[in-house]
$ cat structure-v5.txt   # compact mmCIF, C-alpha atoms
# COMPACT_ATOMS: atom_id res chain seq x y z
CA MET B 29 0.00 0.00 0.00
CA PHE B 30 2.86 2.33 0.72
CA SER B 31 4.66 1.55 -2.48
CA SER B 32 3.39 2.62 -5.87
CA LEU B 33 1.81 -0.69 -6.69
CA ARG B 34 -1.80 -0.59 -5.64
CA ARG B 35 -3.75 -3.70 -4.73
CA THR B 36 -6.89 -2.87 -6.62
CA THR B 37 -10.15 -4.53 -7.56
CA ASP B 38 -10.84 -2.11 -10.40
CA GLY B 39 -10.12 -4.84 -12.93
CA TRP B 40 -12.23 -7.46 -14.61
CA VAL B 41 -11.88 -10.30 -12.09
CA THR B 42 -11.43 -10.38 -8.33
CA PHE B 43 -10.10 -13.46 -6.54
CA VAL B 44 -11.83 -14.09 -3.22
CA LEU B 45 -9.98 -15.93 -0.46
CA CYS B 46 -12.41 -18.47 0.96
CA SER B 47 -10.27 -19.82 3.77
CA VAL B 48 -7.23 -18.83 5.80
CA ALA B 49 -3.86 -20.32 4.92
CA VAL B 50 -1.43 -21.28 7.65
CA ALA B 51 1.92 -19.65 6.92
CA PHE B 52 4.30 -17.00 8.14
CA ALA B 53 3.59 -13.67 9.77
CA ILE B 54 5.61 -10.48 10.11
CA PRO B 55 6.99 -10.16 13.64
CA ALA B 56 5.99 -7.00 15.43
CA HIS B 57 9.06 -5.10 16.55
CA ALA B 58 9.01 -2.02 18.70
CA ILE B 59 10.63 0.78 16.71
CA GLN B 60 11.60 4.13 18.18
CA ALA B 61 9.77 6.86 16.25
CA PRO B 62 11.39 10.20 15.39
CA PRO B 63 9.68 13.52 16.12
CA PRO B 64 6.44 13.93 14.11
CA LYS B 65 6.81 15.37 10.65
CA CYS B 66 5.09 14.68 7.33
CA CYS B 67 5.92 12.61 4.26
CA VAL B 68 6.72 15.84 2.45
CA TRP B 69 10.18 17.11 1.54
CA ARG B 70 11.27 20.41 0.00
CA VAL B 71 14.35 20.91 -2.17
CA THR B 72 15.73 24.07 -0.61
CA ASN B 73 18.32 24.93 -3.27
CA ALA B 74 15.99 24.51 -6.24
CA LYS B 75 15.31 27.43 -8.57
CA ALA B 76 11.59 27.29 -7.74
CA PRO B 77 9.42 25.55 -5.12
CA PHE B 78 10.01 21.81 -5.51
CA TYR B 79 8.43 19.12 -3.33
CA LEU B 80 8.63 15.36 -2.88
CA VAL B 81 5.40 13.87 -1.51
CA GLY B 82 5.11 10.33 -0.15
CA SER B 83 1.71 8.88 -0.96
CA VAL B 84 -0.48 6.18 0.55
CA HIS B 85 -3.36 4.62 -1.32
CA THR B 86 -5.91 4.61 1.50
CA LEU B 87 -6.62 7.19 4.17
CA ASP B 88 -9.17 7.49 6.95
CA GLU B 89 -11.68 10.30 7.13
CA ASP B 90 -9.81 11.52 10.22
CA ASP B 91 -6.74 12.18 8.06
CA TYR B 92 -8.52 15.13 6.48
CA PRO B 93 -7.86 17.98 6.44
CA LEU B 94 -4.26 17.08 5.67
CA PRO B 95 -1.40 18.70 7.60
CA ALA B 96 -0.17 22.03 6.24
CA PRO B 97 2.89 20.76 4.28
CA TYR B 98 0.66 18.78 1.89
CA GLU B 99 -1.53 21.79 1.23
CA ILE B 100 1.54 24.02 0.78
CA ALA B 101 2.86 21.64 -1.89
CA LEU B 102 -0.53 21.69 -3.60
CA LYS B 103 -0.62 25.49 -3.54
CA ASP B 104 2.97 26.16 -4.61
CA ALA B 105 3.37 23.58 -7.38
CA LYS B 106 2.24 24.37 -10.91
CA ARG B 107 3.16 20.93 -12.21
CA PHE B 108 2.53 17.51 -10.61
CA LEU B 109 4.39 14.37 -11.60
CA PHE B 110 2.92 11.08 -10.38
CA GLU B 111 4.43 7.66 -10.99
CA PHE B 112 2.65 7.61 -14.33
CA ASP B 113 0.25 10.09 -15.85
CA PRO B 114 -3.07 9.44 -14.03
CA THR B 115 -5.04 11.05 -16.85
CA ARG B 116 -4.10 7.92 -18.83
CA GLN B 117 -5.57 5.55 -16.25
CA ALA B 118 -7.93 3.84 -18.73
CA GLU B 119 -5.02 3.08 -21.08
CA PHE B 120 -2.98 1.76 -18.16
CA GLN B 121 -5.77 -0.55 -16.93
CA LYS B 122 -6.32 -1.94 -20.42
CA LYS B 123 -2.62 -2.64 -20.98
CA LEU B 124 -2.13 -4.07 -17.49
CA HIS B 125 -5.04 -6.45 -17.99
CA SER B 126 -3.60 -7.55 -21.32
CA ALA B 127 -0.20 -8.16 -19.68
CA ALA B 128 -1.91 -10.21 -16.95
CA LYS B 129 -3.39 -12.73 -19.36
CA TYR B 130 -1.56 -15.73 -20.72
CA ARG B 131 -1.40 -16.21 -24.47
CA PRO B 132 -4.08 -18.40 -26.08
CA GLY B 133 -3.39 -22.03 -25.32
CA GLU B 134 -1.56 -21.27 -22.05
CA ASP B 135 -2.83 -20.89 -18.50
CA ILE B 136 -1.61 -20.98 -14.92
CA ARG B 137 -1.92 -24.77 -14.60
CA SER B 138 1.43 -25.29 -16.33
CA LYS B 139 3.12 -22.35 -14.59
CA ILE B 140 2.86 -23.11 -10.87
CA PRO B 141 3.46 -26.24 -8.76
CA PRO B 142 0.55 -28.73 -8.62
CA GLU B 143 0.15 -28.36 -4.86
CA LEU B 144 -0.31 -24.57 -5.13
CA LEU B 145 -2.77 -25.00 -7.98
CA ALA B 146 -4.75 -27.53 -5.96
CA TRP B 147 -4.84 -25.18 -2.97
CA LEU B 148 -6.07 -22.30 -5.12
CA GLN B 149 -8.79 -24.47 -6.65
CA GLN B 150 -9.99 -25.47 -3.19
CA ASN B 151 -9.78 -22.08 -1.49
CA ILE B 152 -10.17 -19.34 -4.11
CA SER B 153 -13.18 -18.33 -6.15
CA THR B 154 -13.38 -15.66 -8.83
CA VAL B 155 -15.87 -12.81 -8.86
CA SER B 156 -16.61 -10.76 -11.96
CA GLY B 157 -17.46 -7.14 -11.19
CA ASP B 158 -17.13 -5.28 -7.90
CA PRO B 159 -20.26 -4.77 -5.77
CA ARG B 160 -18.47 -2.07 -3.78
CA ARG B 161 -18.55 0.06 -6.92
CA GLY B 162 -22.10 -0.79 -7.87
CA LYS B 163 -21.11 -3.47 -10.36
CA LYS B 164 -23.06 -6.71 -10.52
CA SER B 165 -20.93 -9.60 -9.31
CA GLN B 166 -20.95 -13.20 -10.44
CA GLY B 167 -18.97 -15.84 -8.58
CA THR B 168 -17.36 -18.93 -10.08
CA GLY B 169 -14.75 -21.41 -8.98
CA PHE B 170 -11.06 -20.68 -9.33
CA ASN B 171 -11.03 -22.24 -12.80
CA GLY B 172 -12.66 -19.06 -14.05
CA GLY B 173 -9.33 -17.33 -13.47
CA LEU B 174 -6.96 -19.87 -14.97
CA GLY B 175 -5.97 -17.48 -17.72
CA TYR B 176 -4.49 -14.95 -15.29
CA LYS B 177 -0.87 -14.77 -14.17
CA PRO B 178 0.01 -15.24 -10.48
CA TRP B 179 0.87 -11.57 -9.83
CA TRP B 180 -2.55 -10.47 -11.11
CA ILE B 181 -4.29 -12.89 -8.77
CA ALA B 182 -2.18 -11.55 -5.89
CA GLN B 183 -3.04 -7.94 -6.77
CA HIS B 184 -6.77 -8.72 -6.91
CA LEU B 185 -7.00 -11.01 -3.90
CA VAL B 186 -9.49 -10.06 -1.19
CA ASP B 187 -10.72 -11.85 1.92
CA LYS B 188 -14.36 -12.85 1.60
CA ASN B 189 -14.99 -11.67 5.17
CA ALA B 190 -14.03 -8.13 4.22
CA TYR B 191 -15.07 -8.14 0.56
CA SER B 192 -18.20 -6.05 0.98
CA ASN B 193 -16.85 -3.85 3.76
CA VAL B 194 -13.55 -2.51 2.41
CA SER B 195 -13.38 1.26 2.56
CA ALA B 196 -13.34 3.03 -0.79
CA SER B 197 -12.08 6.27 0.75
CA PRO B 198 -9.57 8.04 -1.50
CA GLY B 199 -5.87 7.93 -0.79
CA LEU B 200 -3.41 10.78 -0.93
CA ASP B 201 -2.65 10.38 -4.61
CA ASP B 202 -6.37 10.46 -5.49
CA TYR B 203 -6.77 13.58 -3.38
CA PHE B 204 -3.83 15.30 -5.06
CA ILE B 205 -5.05 14.34 -8.53
CA ALA B 206 -8.53 15.70 -7.87
CA ARG B 207 -7.22 18.93 -6.35
CA ALA B 208 -4.64 19.45 -9.09
CA GLU B 209 -7.25 18.98 -11.79
CA LYS B 210 -9.66 21.33 -10.07
CA MET B 211 -6.98 24.02 -9.77
CA GLY B 212 -5.96 23.62 -13.41
CA LYS B 213 -2.45 22.36 -12.62
CA GLU B 214 -0.35 20.46 -15.14
CA ILE B 215 -0.28 16.69 -14.56
CA SER B 216 2.21 14.16 -15.92
CA GLY B 217 4.20 11.09 -14.90
CA LEU B 218 7.71 9.91 -14.09
CA GLU B 219 7.12 6.72 -16.06
CA SER B 220 5.35 6.08 -19.33
CA VAL B 221 2.25 3.90 -19.23
CA ASP B 222 4.24 1.04 -20.77
CA GLU B 223 7.01 1.38 -18.16
CA HIS B 224 4.47 1.33 -15.34
CA VAL B 225 2.76 -1.76 -16.78
CA ALA B 226 6.11 -3.52 -17.13
CA VAL B 227 6.83 -3.29 -13.38
CA LEU B 228 4.34 -6.12 -12.87
CA GLY B 229 3.73 -7.24 -16.43
CA GLY B 230 7.39 -8.09 -16.97
CA LEU B 231 7.64 -10.44 -14.00
CA SER B 232 8.59 -14.05 -14.65
CA ASP B 233 6.13 -16.77 -13.69
CA ARG B 234 8.40 -17.76 -10.82
CA ASP B 235 8.54 -14.24 -9.44
CA GLY B 236 4.80 -13.91 -9.89
CA GLU B 237 4.37 -17.09 -7.86
CA ILE B 238 6.49 -15.63 -5.06
CA ILE B 239 4.24 -12.55 -4.97
CA LEU B 240 1.14 -14.74 -4.94
CA ARG B 241 2.42 -16.89 -2.08
CA ASP B 242 3.28 -13.72 -0.16
CA ALA B 243 -0.26 -12.39 -0.71
CA LEU B 244 -1.69 -15.67 0.57
CA THR B 245 0.39 -15.53 3.73
CA PRO B 246 -1.86 -14.45 6.62
CA GLN B 247 -0.40 -11.65 8.67
CA LYS B 248 -0.65 -11.86 12.44
CA ASP B 249 -2.48 -8.78 13.71
CA GLY B 250 -2.71 -7.52 10.15
CA ALA B 251 -5.09 -4.70 11.02
CA ALA B 252 -2.78 -3.53 13.80
CA GLN B 253 0.22 -3.64 11.47
CA LEU B 254 -1.65 -1.63 8.85
CA GLY B 255 -2.57 0.89 11.51
CA SER B 256 1.06 1.08 12.57
CA MET B 257 2.12 1.76 8.99
CA GLN B 258 -0.50 4.48 8.62
CA GLN B 259 0.65 6.08 11.87
CA ALA B 260 4.24 6.00 10.64
CA TRP B 261 3.17 7.75 7.44
CA ARG B 262 1.25 10.37 9.40
CA ARG B 263 4.36 11.34 11.37
CA GLY B 264 6.75 11.04 8.42
CA ASP B 265 8.57 8.16 10.08
CA THR B 266 10.49 6.75 7.13
CA ALA B 267 12.58 4.42 9.30
CA THR B 268 9.49 2.57 10.49
CA LEU B 269 7.94 2.47 7.03
CA TRP B 270 11.13 0.96 5.61
CA ALA B 271 11.55 -1.50 8.48
CA ARG B 272 7.98 -2.76 8.23
CA ASP B 273 8.59 -3.70 4.60
CA GLY B 274 11.72 -5.62 5.53
CA ARG B 275 10.34 -9.15 5.45
CA PHE B 276 9.66 -9.15 1.71
CA ARG B 277 13.01 -7.46 0.97
CA LYS B 278 14.70 -10.28 2.87
CA GLU B 279 12.74 -13.07 1.17
CA ALA B 280 12.82 -11.71 -2.39
CA PRO B 281 15.28 -8.79 -2.57
CA TRP B 282 15.42 -8.77 -6.37
CA ILE B 283 11.64 -8.31 -6.61
CA ALA B 284 11.58 -5.66 -3.89
CA ALA B 285 14.34 -3.79 -5.74
CA ARG B 286 12.36 -4.02 -8.98
CA PHE B 287 9.40 -2.34 -7.30
CA VAL B 288 11.26 0.44 -5.49
CA ASP B 289 15.05 0.88 -5.69
CA ASP B 290 15.50 0.16 -9.40
CA ARG B 291 12.76 2.61 -10.28
CA ASN B 292 14.22 5.25 -7.96
CA ARG B 293 17.50 5.07 -9.87
CA LYS B 294 15.67 5.58 -13.16
CA TRP B 295 13.64 8.44 -11.74
CA ALA B 296 16.52 10.40 -10.19
CA PRO B 297 17.84 11.87 -13.48
CA ARG B 298 14.28 12.53 -14.63
CA ILE B 299 13.52 14.41 -11.43
CA GLU B 300 16.78 16.33 -11.73
CA ALA B 301 15.78 17.35 -15.25
CA GLU B 302 12.55 18.73 -13.80
CA LEU B 303 14.52 20.59 -11.13
CA LYS B 304 16.63 22.27 -13.80
CA THR B 305 13.56 23.65 -15.58
CA GLY B 306 12.94 26.05 -12.71
CA ARG B 307 9.22 25.28 -12.71
CA PRO B 308 7.33 24.90 -9.40
CA THR B 309 6.80 21.14 -9.18
CA ALA B 310 5.64 18.38 -6.84
CA ILE B 311 6.64 14.74 -7.26
CA VAL B 312 4.01 12.40 -5.81
CA ALA B 313 5.06 8.76 -5.39
CA GLY B 314 4.45 5.85 -3.05
CA ALA B 315 5.96 6.58 0.35
CA LEU B 316 8.47 3.71 0.15
CA HIS B 317 10.17 5.52 -2.73
CA LEU B 318 11.16 8.16 -0.17
CA CYS B 319 12.47 5.66 2.39
CA GLY B 320 15.58 3.56 2.72
CA PRO B 321 19.20 3.79 1.56
CA ASN B 322 18.30 4.25 -2.12
CA SER B 323 15.42 6.64 -1.63
CA ILE B 324 14.73 9.51 -4.01
CA VAL B 325 15.70 11.85 -1.18
CA ARG B 326 19.15 10.27 -0.79
CA LEU B 327 19.76 9.97 -4.53
CA LEU B 328 19.03 13.65 -5.05
CA LYS B 329 21.22 14.61 -2.10
CA LYS B 330 24.08 12.70 -3.76
CA ARG B 331 23.53 14.93 -6.80
CA GLY B 332 24.07 18.01 -4.68
CA TYR B 333 20.52 18.97 -3.76
CA LYS B 334 19.65 20.15 -0.26
CA ILE B 335 16.43 18.67 1.03
CA GLU B 336 14.48 19.19 4.24
CA GLN B 337 11.58 17.18 5.59
CA LEU B 338 8.56 19.30 6.50
$ encode --input "structure-v5.txt" --output "structure tokens"
Amino acid sequence: MFSSLRRTTDGWVTFVLCSVAVAFAIPAHAIQAPPPKCCVWRVTNAKAPFYLVGSVHTLDEDDYPLPAPYEIALKDAKRFLFEFDPTRQAEFQKKLHSAAKYRPGEDIRSKIPPELLAWLQQNISTVSGDPRRGKKSQGTGFNGGLGYKPWWIAQHLVDKNAYSNVSASPGLDDYFIARAEKMGKEISGLESVDEHVAVLGGLSDRDGEIILRDALTPQKDGAAQLGSMQQAWRRGDTATLWARDGRFRKEAPWIAARFVDDRNRKWAPRIEAELKTGRPTAIVAGALHLCGPNSIVRLLKKRGYKIEQL
């Protein structure tokens, strides 16, 4: 949720978890939090106001109104760069769905181990449509989703117990998009639509299986951990955000790097090019892109930029 890769049910098929798997859980460690700030940074030696904003994809009603630094970034910036251009969302969804489907004559049965396939067939059903968005739903067995790749199933997996009760409240990126459009600001993206699709669409079947198994792993005190992550975001606690994502980085570091660090390295020169234009700008990306040893903040500092957290 705190990276750029949303778990969404906006697509054509949702996979509903019908039972709880017995697997690993993230240990809860007590982490010392720094003084409260926000997930907003300002480049102080830029030619014009320039902000880096760490986004989350779901917020509570109590999070609004947002703290002042978010509103300052909205007011000062004339141009907003998201991970990809959100005005091309329909194109992105179409291309992502196409990338998620196997070619004719292929399906997931020959791509994952038989025991995982058997488990999915016993415990997962597919639902077409999304009743939370007023769409008529129709449930079938897992075989209705055989044509989808493992990472797509992971991204569209929901627990049946929460399926009809998940909050549809907008996240920070949605809020910024709506406000920017209303104020007539320029909107663009750090990645092309094709680049953004390739983050998931270019995964191997094996890596997709790892992501699926991770999604199927029940998390002990999951709601409490989510709350902890949200609290860390609210106080700009990048150390806690980064630490809480540590389990997956340890288990599959090459995939974690693909999602965050590798993209940060590609973005750094693109962001620097924006800095050199002298145009008031805000970069809005998943909060994890602003955490850790290869964060956008650190990469820009290495290029000589002075940055302060607000």
$ closest_atom_pairs --input "structure-v5.txt" --of "stretch 220-285 of chain B" --to "stretch 125-134 of chain B" --cutoff "9 Å" --atoms "only C-alpha atoms" --output "CSV"
residue,atom,partner,partner_atom,distance
B:Val225,CA,B:Ala127,CA,7.6
B:Ala226,CA,B:Ala127,CA,8.2
B:Leu228,CA,B:Ala127,CA,8.4
B:Gly229,CA,B:Ala127,CA,5.2
B:Gly230,CA,B:Ala127,CA,8.1
$ residues_around --input "structure-v5.txt" --residues "stretch 265-278 of chain B" --least-positions-apart "4" --cutoff "6 Å" --atoms "only C-alpha atoms" --output "VMD selection string"
chain B and resid 260 284 319 to 320
$ write_last_selection --input "structure-v5.txt" --atoms "C-alpha atoms" --output "mmCIF file, in the coordinates of the input"
data_model
loop_
_atom_site.group_PDB
_atom_site.id
_atom_site.type_symbol
_atom_site.label_atom_id
_atom_site.label_comp_id
_atom_site.auth_asym_id
_atom_site.auth_seq_id
_atom_site.Cartn_x
_atom_site.Cartn_y
_atom_site.Cartn_z
ATOM 1 C CA ALA B 260 4.240 6.000 10.640
ATOM 2 C CA ALA B 284 11.580 -5.660 -3.890
ATOM 3 C CA CYS B 319 12.470 5.660 2.390
ATOM 4 C CA GLY B 320 15.580 3.560 2.720
#
$ atom_distance --input "structure-v5.txt" --atom1 "atom CA of B:Leu318" --atom2 "atom CA of B:Ser256"
17.7 Å
$ atom_distance --input "structure-v5.txt" --atom1 "atom CA of B:Pro77" --atom2 "atom CA of B:Glu89"
28.8 Å
$ atom_distance --input "structure-v5.txt" --atom1 "atom CA of B:Trp282" --atom2 "atom CA of B:Pro178"
17.2 Å
$ closest_atom_pairs --input "structure-v5.txt" --of "stretch 194-258 of chain B" --to "stretch 286-297 of chain B" --cutoff "9 Å" --atoms "all atoms listed in the file" --output "JSON lines"
{"residue": "B:Leu218", "atom": "CA", "partner": "B:Trp295", "partner_atom": "CA", "distance": 6.5}
{"residue": "B:Glu219", "atom": "CA", "partner": "B:Trp295", "partner_atom": "CA", "distance": 8.0}
{"residue": "B:Val227", "atom": "CA", "partner": "B:Phe287", "partner_atom": "CA", "distance": 6.7}
{"residue": "B:Leu228", "atom": "CA", "partner": "B:Phe287", "partner_atom": "CA", "distance": 8.4}
$ closest_residue --input "structure-v5.txt" --among "B:Phe120, B:Trp261, B:Phe112, B:Phe204" --to "B:Tyr98" --atoms "only C-alpha atoms"
B:Phe204
$ closest_residue --input "structure-v5.txt" --among "B:Ser153, B:Ala76, B:Leu338, B:Lys210" --to "B:Arg263" --atoms "all atoms listed in the file"
B:Leu338
$ closest_residue --input "structure-v5.txt" --among "B:Ile311, B:Met257, B:Ile239, B:Val221" --to "B:Leu124" --atoms "all atoms listed in the file"
B:Val221
$ closest_residue --input "structure-v5.txt" --among "B:Leu327, B:Val81, B:Leu244, B:Ala252" --to "B:Ala310" --atoms "all atoms listed in the file"
B:Val81
$ closest_residue --input "structure-v5.txt" --among "B:Gly332, B:Val325, B:Gln258, B:Gly306" --to "B:Asp91" --atoms "all atoms listed in the file"
B:Gln258
$ residues_around --input "structure-v5.txt" --residues "B:Thr309" --least-positions-apart "6" --cutoff "6 Å" --atoms "all atoms listed in the file" --output "compact mmCIF listing (two decimals) with C-alpha atoms, in the coordinates of the input"
# COMPACT_ATOMS: atom_id res chain seq x y z
CA PHE B 78 10.01 21.81 -5.51
CA ALA B 105 3.37 23.58 -7.38
CA LYS B 106 2.24 24.37 -10.91
CA ARG B 107 3.16 20.93 -12.21
CA PHE B 108 2.53 17.51 -10.61
